[in-house]
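See below for start_8.csv, which holds CSV, C-alpha atoms.
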chain,number,residue,atom,x,y,z
A,114,MET,CA,-10.1,33.8,-34.6
A,115,LYS,CA,-8.0,36.7,-36.1
A,116,ASP,CA,-7.1,36.6,-39.8
A,117,LEU,CA,-3.3,36.9,-39.2
A,118,LEU,CA,-2.4,36.6,-42.9
A,119,ARG,CA,-4.5,39.6,-44.0
A,120,THR,CA,-3.7,41.7,-41.0
A,121,SER,CA,0.1,41.3,-41.5
A,122,THR,CA,0.1,42.1,-45.2
A,123,SER,CA,-2.1,43.4,-48.0
A,124,LEU,CA,-0.3,41.4,-50.6
A,125,VAL,CA,-1.5,37.9,-51.6
A,126,GLU,CA,1.1,35.3,-51.9
A,127,GLY,CA,0.9,35.2,-55.7
A,128,VAL,CA,1.4,38.9,-56.1
A,129,GLN,CA,4.2,38.9,-53.5
A,130,ASN,CA,6.1,36.1,-55.4
A,131,ILE,CA,5.8,37.9,-58.8
A,132,LEU,CA,6.9,41.2,-57.3
A,133,ASN,CA,10.0,39.5,-55.8
A,134,LEU,CA,10.6,38.0,-59.2
A,135,GLN,CA,10.3,41.4,-60.8
A,136,ALA,CA,12.7,42.9,-58.2
A,137,LYS,CA,15.2,40.2,-59.2
A,138,ILE,CA,14.8,41.0,-62.9
A,139,GLU,CA,15.4,44.7,-62.3
A,140,SER,CA,18.5,43.8,-60.1
A,141,ASP,CA,19.8,41.5,-62.9
A,142,ALA,CA,19.2,44.2,-65.4
A,143,SER,CA,21.3,46.6,-63.3
A,144,ASN,CA,24.2,44.1,-63.3
A,145,LYS,CA,23.9,43.5,-67.1
A,146,TYR,CA,24.2,47.3,-67.8
A,147,LEU,CA,27.1,47.5,-65.4
A,148,ALA,CA,29.0,44.7,-67.4
A,149,MET,CA,28.1,46.5,-70.6
A,150,ALA,CA,29.4,49.8,-69.3
A,151,ALA,CA,32.6,48.2,-68.2
A,152,TRP,CA,33.1,46.6,-71.6
A,153,LEU,CA,32.5,50.0,-73.3
A,154,ASP,CA,34.9,51.7,-70.9
A,155,ARG,CA,37.6,49.1,-71.7
A,156,ASN,CA,37.2,49.7,-75.4
A,157,GLY,CA,37.4,53.4,-75.3
A,158,PHE,CA,33.7,54.3,-75.6
A,159,GLU,CA,33.7,56.7,-72.6
A,160,ASN,CA,30.5,58.5,-73.3
A,161,THR,CA,28.3,55.5,-73.9
A,162,ALA,CA,30.0,53.8,-70.9
A,163,SER,CA,28.8,56.8,-68.7
A,164,TYR,CA,25.4,56.5,-70.3
A,165,LEU,CA,25.1,52.8,-69.3
A,166,TYR,CA,26.6,53.3,-65.8
A,167,LYS,CA,23.7,55.7,-65.4
A,168,GLN,CA,21.3,53.1,-66.7
A,169,ALA,CA,22.7,50.5,-64.2
A,170,GLU,CA,22.0,53.0,-61.4
A,171,GLU,CA,18.5,53.6,-62.7
A,172,GLU,CA,17.7,49.9,-62.8
A,173,ARG,CA,19.0,49.5,-59.3
A,174,GLU,CA,16.6,52.3,-58.2
A,175,HIS,CA,13.8,50.4,-60.0
A,176,PHE,CA,14.7,47.2,-58.1
A,177,LEU,CA,14.8,49.1,-54.7
A,178,LYS,CA,11.4,50.7,-55.4
A,179,ILE,CA,9.8,47.3,-55.8
A,180,PHE,CA,11.7,45.9,-52.9
A,181,ARG,CA,10.6,48.6,-50.5
A,182,TYR,CA,7.0,48.4,-51.8
A,183,ILE,CA,6.9,44.8,-50.8
A,184,THR,CA,8.1,45.5,-47.2
A,185,ASP,CA,5.9,48.6,-47.0
A,186,MET,CA,2.9,46.5,-47.8
A,187,GLY,CA,3.8,44.1,-45.0
A,188,GLY,CA,5.2,41.4,-47.4
A,189,ILE,CA,8.4,39.4,-47.3
A,190,ALA,CA,11.0,40.9,-49.7
A,191,VAL,CA,13.6,38.4,-50.8
A,192,THR,CA,17.1,39.8,-51.5
A,193,PRO,CA,17.9,38.5,-55.0
A,194,SER,CA,21.0,36.4,-55.7
A,195,VAL,CA,23.6,37.7,-58.1
A,196,PRO,CA,23.9,35.5,-61.2
A,197,GLU,CA,26.7,35.5,-63.7
A,198,VAL,CA,26.2,38.1,-66.4
A,199,GLN,CA,27.7,38.4,-69.9
A,200,GLN,CA,31.0,40.2,-69.6
A,201,GLU,CA,32.3,40.1,-73.2
A,202,PHE,CA,30.6,41.4,-76.3
A,203,ALA,CA,31.4,40.8,-80.0
A,204,SER,CA,31.0,44.4,-81.1
A,205,PHE,CA,29.9,47.9,-80.1
A,206,ARG,CA,26.6,47.3,-81.8
A,207,GLU,CA,25.9,44.0,-80.1
A,208,VAL,CA,25.9,45.7,-76.7
A,209,PHE,CA,22.9,47.8,-77.7
A,210,GLU,CA,21.2,44.8,-79.5
A,211,ILE,CA,21.4,42.9,-76.2
A,212,ALA,CA,20.2,46.0,-74.2
A,213,LEU,CA,17.1,46.2,-76.4
A,214,GLN,CA,16.4,42.5,-75.9
A,215,ASN,CA,16.7,42.9,-72.2
A,216,GLU,CA,14.4,45.9,-72.1
A,217,ILE,CA,11.8,43.9,-74.1
A,218,ALA,CA,12.1,41.1,-71.6
A,219,VAL,CA,11.6,43.5,-68.7
A,220,THR,CA,8.5,44.9,-70.4
A,221,HIS,CA,7.0,41.4,-70.8
A,222,ALA,CA,7.7,40.7,-67.1
A,223,ILE,CA,6.0,44.0,-66.0
A,224,ASN,CA,2.9,43.1,-68.1
A,225,LYS,CA,2.8,39.8,-66.3
A,226,VAL,CA,2.9,41.5,-62.9
A,227,ILE,CA,0.0,43.7,-63.9
A,228,ALA,CA,-2.0,40.7,-65.3
A,229,LYS,CA,-1.5,39.0,-62.0
A,230,CYS,CA,-2.6,42.1,-60.0
A,231,ARG,CA,-5.8,42.2,-62.1
A,232,ALA,CA,-6.4,38.5,-61.6
A,233,GLU,CA,-6.0,38.9,-57.8
A,234,ASN,CA,-8.0,42.2,-57.7
A,235,ASP,CA,-4.9,44.0,-56.2
A,236,TYR,CA,-5.5,47.4,-57.6
A,237,ALA,CA,-3.1,49.1,-55.2
A,238,THR,CA,-0.2,47.1,-56.7
A,239,GLU,CA,-1.5,47.6,-60.2
A,240,ASP,CA,-1.5,51.4,-59.6
A,241,PHE,CA,2.1,51.1,-58.2
A,242,MET,CA,3.2,49.1,-61.3
A,243,MET,CA,1.7,51.7,-63.8
A,244,TRP,CA,4.8,53.8,-63.1
A,245,TYR,CA,6.9,51.0,-64.5
A,246,VAL,CA,4.8,50.8,-67.6
A,247,ALA,CA,5.5,54.4,-68.4
A,248,GLU,CA,9.2,54.0,-67.5
A,249,GLN,CA,9.5,50.9,-69.8
A,250,ARG,CA,7.9,52.7,-72.7
A,251,GLU,CA,10.7,55.3,-72.4
A,252,GLU,CA,13.5,52.6,-71.9
A,253,GLU,CA,12.5,50.7,-74.9
A,254,LYS,CA,12.3,53.8,-77.0
A,255,ASN,CA,15.8,54.8,-76.0
A,256,ALA,CA,17.2,51.3,-76.6
A,257,ARG,CA,15.6,51.4,-80.1
A,258,ARG,CA,17.0,54.8,-80.8
A,259,ALA,CA,20.5,53.6,-80.0
A,260,LEU,CA,20.2,50.9,-82.7
A,261,GLU,CA,18.7,53.4,-85.1
A,262,LEU,CA,21.8,55.5,-84.7
A,263,PHE,CA,23.8,52.5,-85.9
A,264,GLU,CA,21.8,52.6,-89.1
A,265,LEU,CA,22.4,56.4,-89.5
A,266,ILE,CA,26.1,56.4,-88.7
A,267,ASN,CA,28.4,54.0,-90.3
A,268,GLU,CA,30.6,52.6,-87.5
A,269,ASN,CA,33.2,51.4,-89.9
A,270,GLU,CA,33.9,54.8,-91.3
A,271,ALA,CA,36.8,56.9,-90.0
A,272,THR,CA,35.1,58.7,-87.1
A,273,GLY,CA,32.0,56.5,-87.1
A,274,LYS,CA,32.5,54.8,-83.8
A,275,PHE,CA,33.6,58.1,-82.2
A,276,GLU,CA,30.4,59.8,-83.5
A,277,LEU,CA,28.2,56.9,-82.3
A,278,ASP,CA,29.8,57.1,-78.9
A,279,VAL,CA,28.9,60.8,-78.7
A,280,GLN,CA,25.4,60.5,-80.1
A,281,ILE,CA,24.2,57.5,-78.1
A,282,ALA,CA,25.2,59.2,-74.9
A,283,LYS,CA,22.9,62.0,-75.8
A,284,ILE,CA,19.8,59.8,-76.0
A,285,GLY,CA,17.1,60.9,-73.6
A,286,GLU,CA,18.6,64.3,-72.8
B,74,MET,CA,-11.3,30.3,7.8
B,75,CYS,CA,-11.6,33.5,5.8
B,76,LEU,CA,-8.2,32.9,4.3
B,77,PHE,CA,-9.2,29.3,3.3
B,78,ARG,CA,-12.3,30.6,1.6
B,79,LEU,CA,-10.3,33.2,-0.3
B,80,ASN,CA,-7.9,30.5,-1.4
B,81,SER,CA,-10.8,28.3,-2.7
B,82,ILE,CA,-12.2,31.2,-4.6
B,83,PHE,CA,-8.8,32.0,-6.1
B,84,LEU,CA,-8.3,28.3,-7.1
B,85,TYR,CA,-11.8,28.2,-8.6
B,86,HIS,CA,-11.1,31.2,-10.7
B,87,ILE,CA,-7.7,30.0,-11.8
B,88,ASN,CA,-9.2,26.7,-12.9
B,89,PHE,CA,-12.0,28.6,-14.7
B,90,ILE,CA,-9.4,30.7,-16.6
B,91,ARG,CA,-7.3,27.6,-17.4
B,92,MET,CA,-10.4,25.8,-18.7
B,93,ALA,CA,-11.4,28.8,-20.8
B,94,LEU,CA,-7.9,29.0,-22.2
B,95,VAL,CA,-7.8,25.3,-23.0
B,96,SER,CA,-11.3,25.6,-24.6
B,97,ASP,CA,-10.0,28.6,-26.6
B,98,LEU,CA,-6.9,26.7,-27.6
B,99,THR,CA,-8.9,23.7,-29.0
B,100,THR,CA,-11.0,26.1,-31.1
B,101,LYS,CA,-7.8,27.7,-32.5
B,102,VAL,CA,-5.9,24.5,-33.4
B,103,LEU,CA,-4.9,25.0,-37.0
B,104,PHE,CA,-3.5,21.6,-37.9
B,105,GLU,CA,-2.6,18.3,-36.2
B,106,THR,CA,-0.5,15.4,-37.3
B,107,GLU,CA,0.8,12.3,-35.5
B,108,LYS,CA,4.0,14.2,-34.7
B,109,GLY,CA,2.6,17.5,-33.5
B,110,TYR,CA,0.1,20.3,-33.8
B,111,SER,CA,-0.1,24.0,-34.4
B,112,TYR,CA,-2.4,26.6,-33.1
B,113,GLN,CA,-3.0,30.4,-33.3
B,114,CYS,CA,-2.6,32.6,-30.3
B,115,ASP,CA,-4.8,35.7,-30.8
B,116,LEU,CA,-3.4,37.4,-27.7
B,117,THR,CA,0.2,37.5,-29.1
B,118,ASN,CA,-0.8,37.3,-32.8
B,119,SER,CA,1.5,34.3,-33.2
B,120,ILE,CA,1.5,30.7,-34.5
B,121,ILE,CA,2.6,28.1,-32.0
B,122,ILE,CA,4.1,24.9,-33.4
B,123,ASN,CA,4.5,21.8,-31.3
B,124,PHE,CA,6.6,19.3,-33.2
B,125,VAL,CA,7.9,16.2,-31.4
B,126,ASP,CA,7.7,18.0,-28.1
B,127,THR,CA,9.6,21.1,-29.3
B,128,VAL,CA,7.4,24.1,-28.9
B,129,SER,CA,8.2,27.2,-30.8
B,130,SER,CA,6.3,30.4,-31.4
B,131,TYR,CA,6.3,32.6,-34.6
B,132,LYS,CA,5.1,35.9,-35.8
B,133,ILE,CA,3.3,35.3,-39.1
B,134,HIS,CA,6.2,36.5,-41.3
B,135,ASP,CA,8.6,34.2,-39.4
B,136,PHE,CA,6.3,31.3,-39.8
B,137,LEU,CA,6.0,31.8,-43.6
B,138,ILE,CA,9.8,32.1,-43.9
B,139,PHE,CA,10.2,28.9,-41.7
B,140,GLN,CA,7.7,27.0,-43.8
B,141,LYS,CA,9.5,28.1,-47.0
B,142,LYS,CA,12.8,27.1,-45.6
B,143,VAL,CA,11.6,23.6,-44.7
B,144,ASN,CA,10.0,23.2,-48.1
B,145,ASN,CA,13.3,24.1,-49.8
B,146,VAL,CA,15.3,21.4,-48.1
B,147,ASP,CA,16.6,19.2,-50.9
B,148,ILE,CA,15.4,15.8,-49.7
B,149,LEU,CA,16.3,14.0,-52.9
B,150,ASN,CA,19.8,15.1,-52.6
B,151,MET,CA,19.9,13.9,-49.0
B,152,LEU,CA,18.6,10.6,-50.1
B,153,TYR,CA,21.1,10.0,-52.8
B,154,ASP,CA,24.1,11.3,-50.8
B,155,LEU,CA,25.5,8.3,-49.0
B,156,SER,CA,27.7,10.3,-46.6
B,157,ASP,CA,26.8,10.4,-42.9
B,158,GLN,CA,26.4,14.1,-42.8
B,159,SER,CA,23.4,13.8,-45.2
B,160,ASP,CA,21.4,11.7,-42.8
B,161,ALA,CA,20.2,14.8,-41.0
B,162,GLN,CA,20.1,18.5,-41.5
B,163,LEU,CA,20.2,21.4,-39.1
B,164,ILE,CA,17.0,23.4,-39.4
B,165,GLU,CA,17.1,26.8,-37.8
B,166,THR,CA,14.6,29.6,-37.9
B,167,THR,CA,14.8,33.3,-37.6
B,168,LYS,CA,15.5,34.4,-34.1
B,169,ARG,CA,16.5,30.8,-33.4
B,170,ASN,CA,13.4,29.7,-31.6
B,171,PHE,CA,13.7,26.4,-33.4
B,172,SER,CA,17.1,24.8,-33.9
B,173,ARG,CA,17.2,21.0,-34.4
B,174,ASN,CA,19.0,18.4,-36.4
B,175,LEU,CA,16.2,16.7,-38.3
B,176,THR,CA,16.4,13.4,-40.1
B,177,ILE,CA,14.8,13.1,-43.6
B,178,CYS,CA,11.8,11.4,-42.1
B,179,GLU,CA,11.4,14.3,-39.5
B,180,ILE,CA,11.7,16.9,-42.2
B,181,VAL,CA,8.9,15.3,-44.2
B,182,GLN,CA,6.8,15.2,-41.0
B,183,LEU,CA,7.6,18.8,-40.2
B,184,ARG,CA,6.7,19.8,-43.8
B,185,GLU,CA,3.3,18.1,-43.4
B,186,LEU,CA,2.6,20.0,-40.2
B,187,LEU,CA,3.7,23.4,-41.6
B,188,ASN,CA,2.0,23.1,-44.9
B,189,GLY,CA,-1.2,22.0,-43.2
B,190,THR,CA,-1.0,25.0,-40.9
B,191,LYS,CA,-0.4,27.3,-43.9
B,192,PHE,CA,-3.4,25.8,-45.7
B,193,THR,CA,-5.7,26.4,-42.7
B,194,LEU,CA,-4.4,30.0,-42.4
B,195,ASN,CA,-5.1,30.6,-46.1
B,196,LEU,CA,-8.5,29.0,-45.8
B,197,HIS,CA,-9.4,31.1,-42.8
B,198,SER,CA,-8.2,34.3,-44.5
B,199,MET,CA,-10.3,33.4,-47.6
B,200,LEU,CA,-13.4,32.7,-45.5
B,201,CYS,CA,-12.9,36.0,-43.6
B,202,ASN,CA,-12.6,37.8,-46.9
B,203,ILE,CA,-15.9,36.3,-48.2
B,204,LEU,CA,-17.8,36.9,-44.9
B,205,ASN,CA,-16.6,40.5,-44.7
B,206,ALA,CA,-17.5,41.2,-48.3
B,207,ASP,CA,-21.1,40.0,-47.5
B,208,LEU,CA,-21.2,42.4,-44.5
B,209,VAL,CA,-20.3,45.5,-46.5
Starting from the file, lay out its structure as structure tokens.
Amino acid sequence: MKDLLRTSTSLVEGVQNILNLQAKIESDASNKYLAMAAWLDRNGFENTASYLYKQAEEEREHFLKIFRYITDMGGIAVTPSVPEVQQEFASFREVFEIALQNEIAVTHAINKVIAKCRAENDYATEDFMMWYVAEQREEEKNARRALELFELINENEATGKFELDVQIAKIGE
Amino acid sequence: MCLFRLNSIFLYHINFIRMALVSDLTTKVLFETEKGYSYQCDLTNSIIINFVDTVSSYKIHDFLIFQKKVNNVDILNMLYDLSDQSDAQLIETTKRNFSRNLTICEIVQLRELLNGTKFTLNLHSMLCNILNADLV
């Protein structure tokens, strides 16, 4: 009797499920950045708004990369539902505090995927996910740098907010 | 006379093939319950489900999606909802090769059959993996 499960996909169910979960996390992250960008735009922070619009697009690319990997490996990719995301923020600074918290949560999630791959001896997926490890290192560094700029530039001074808007948008250039 | 003989040979062969197919089928039955059974067809690489005399055939992905869909039916909600429309639910699969209004009891029975089938597929895959590893 043929092994239909193995011949149809190289992903075991556990890895497929956690990859679908990771795809959803990346998709949600894209929506969160989009809401943040819109808030910044509404409040006059044009440069940082553009920076976060770009981040939203990047997160969507991350989501699609996993989504396509699942189907390429013969698995079943599940289109994630779109949950409600936070639309309003208390301050300019809070946007970047939340952004860092989100990036830390994504890093934890990626580590869990890799741990699962190792437990299931799925080295191909582990190799695929290593790209995300490097990417997350960069994302966290950038999010931390944004908060660091809030320490260096006093947002309550005359041109503080304006300067922060310019400098944060330059992160990662 | 010659025609009669040819016909006999033909019938003999047909019966032989049918017997072989039935024998093959019995060895590939994946799971069986009071309400139905499932088996694997290696010729078409599909899973065939016979549930309360409804026969449907699935490629492995469609089968897994179907199984997940049936498992996701909120039976508790159906039990507590006293409206008539909650007595049964329409269960449809991809490509619509199964489309039936099932009662709560039937959904539980279908779940048993599908989950049992999935268990056998997993077990078979696991055994193949172990046996192949020994061969290498």
Q. Please, which residues of chain A lie no more than 12 Å from chain B when the count uses only C-alpha atoms, and can they be set out as a PyMOL selection string?
A. chain A and resi 114-123+125-126+184+187-191
Enclose range 108-112 of chain B, meaning all of its atoms listed in the file, in a box aligned along x, y and z, pad it by 8 Å on each side, and list the centre and edge lengths in Å to one decimal, as lines of an AutoDock Vina configuration file.
center_x = 0.8
center_y = 20.4
center_z = -33.9
size_x = 22.4
size_y = 28.4
size_z = 17.6
Q) In terms of the shortest atom-to-atom distance over all atoms listed in the file, which of A:Met186, A:Ala169, A:Ala162, A:Val246 is closest to Thr220 in chain A? A) A:Val246
Q: Write out as a list in words the residues lying within 12 Å of Tyr182 in chain A, counting only C-alpha atoms and excluding same-chain residues fewer than 4 positions away.
A: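 Final neighbour list, sorted by chain and number: Thr122, Ser123, Leu124, Val128, Gln129, Leu132, Asn133, Gln135, Ala136, His175, Phe176, Leu177, Lys178, Met186, Gly187, Gly188, Ile189, Ala190, Ala237, Thr238, Glu239, Asp240, Phe241 and Met242 of chain A.
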Q. Using all atoms listed in the file, which of B:Ser129, B:Thr117, B:Thr176, B:Asn123 sits nearest Phe104 in chain B?
A.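 Answer, going by the shortest atom-to-atom distance: B:Asn123.
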Q) So how far away is CA of Val125 in chain B from CA of Gln182 in chain B, in Å? A)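 Distance reported for this atom pair: 9.7 Å.
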Q: Kindly indicate which residue among A:His221, A:Lys167, A:Lys283, A:Lys145 lies nearest to Gln200 in chain A, using all atoms listed in the file for the distances.
A: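 Using all atoms listed in the file, the shortest distance to Gln200 in chain A belongs to A:Lys145.
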Q) Near Ser143 in chain A, within 7 Å and counting all atoms listed in the file, which residues show up once chain neighbours fewer than 4 positions away are dropped, as a list in words? A)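 Neighbouring residues, sequence-local ones excluded: Glu139, Leu147, Ala169, Glu170, Glu172 and Arg173 of chain A.
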**Q.** Length of the CA of Glu185 in chain B to CA of Thr106 in chain B vector [Å]
**A.**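 These atoms are spaced 7.7 Å apart.
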Q: State, in Å with one decimal place, the distance from CA of Ile138 in chain A to CA of Tyr166 in chain A.
A: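 A separation of 17.3 Å between them.
The residue that comes closest to Tyr131 in chain B, out of B:Val143, B:Asn170, B:Gln158, B:Glu165 and on the basis of all atoms listed in the file, is B:Asn170.
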